[in-house]
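What follows is a short report on a single structure.
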Amino acid sequence: MSRLKDLRKYVNKELLKMSDEDKRTGAIVHLYGVSLAATMIAKKRGLDPELASMAAMLHDLHAYKSGSYDDHAHKGAELARKILGELELTSEEETEIICSAIYHHDDKYAVDAPMDEVLKDADVIHHCMNDLSKKVKDKEKARYASLCEEFGM
């Protein structure tokens, strides 16, 4: 089995523990949607699509497990480091790349490391395109416009 499949298997088990079916479905849709977007963006930008997809699969897991988005990016990076250590799927360098992306993903105004930007952009794409009837959040407008230009949309 591939590293990504192993990680997805772990994440799926964690999400199945969510008792609220609607929240569980939303979590699955979001993590897999961001994962797909991250894979595509990373590939287009010449970055590692597997690491991007792995970061995306973990980026909001802390919020889903705890039920709180309070400081979820920073706490999520800590959880990701723990999970990746337990599963032994990544090198130390890869773990740092993934955890940095998760740590920074909620600050849509800042520009950080290339993989951090991939995760932020993938998150924005999913937020903005998963439900086209929703208004684009102010903190995501500039990033979304840049993504539309980058992808010719």
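Following the order of the structure tokens, chains are lettered A, B, ..., residues in each are numbered from 1, and ligands are numbered from 1.
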
Counting only C-alpha atoms, give me one row per residue of region 16-104 of chain A with an atom at most 10 Å from an atom of region 123-135 of chain A, showing the shortest contact pair and its distance in Å to one decimal, sorted by chain then residue number, as CSV.
```
residue,atom,partner,partner_atom,distance
A:Val29,CA,A:Asn130,CA,8.9
A:His30,CA,A:His126,CA,7.0
A:Leu31,CA,A:Asp123,CA,9.0
A:Tyr32,CA,A:His126,CA,9.6
A:Gly33,CA,A:His126,CA,6.2
A:Val34,CA,A:Asp123,CA,5.5
A:Ser35,CA,A:Asp123,CA,8.7
A:Leu36,CA,A:His126,CA,9.4
A:Ala37,CA,A:Ile125,CA,7.2
A:Ala38,CA,A:Asp123,CA,8.1
A:Ala56,CA,A:Asp123,CA,8.1
A:His59,CA,A:Asp123,CA,9.1
A:Asp60,CA,A:Asp123,CA,10.0
```

> So which one's closest to Pro114 (chain A), A:Leu7, A:Asp138, A:Met153, A:Ala42? Using only C-alpha atoms, please.
Replying inline: A:Ala42

> Among chain A, which ones does DSSP place in alpha helix (DSSP H), written as a PyMOL selection string?
Replying inline: chain A and resi 3-15+21-44+49-58+61-66+72-87+92-104+114-129+138-150

>> Between CA of Ala27 (chain A) and CA of Ser53 (chain A), what distance in Å does the model show, to one decimal?
In response: 15.3 Å

> Closest to Leu51 (chain A) among A:Val11, A:Leu16, A:Ile28, A:Cys99, using only C-alpha atoms?
Replying inline: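 For Leu51 (chain A), the nearest of the candidates is A:Cys99.
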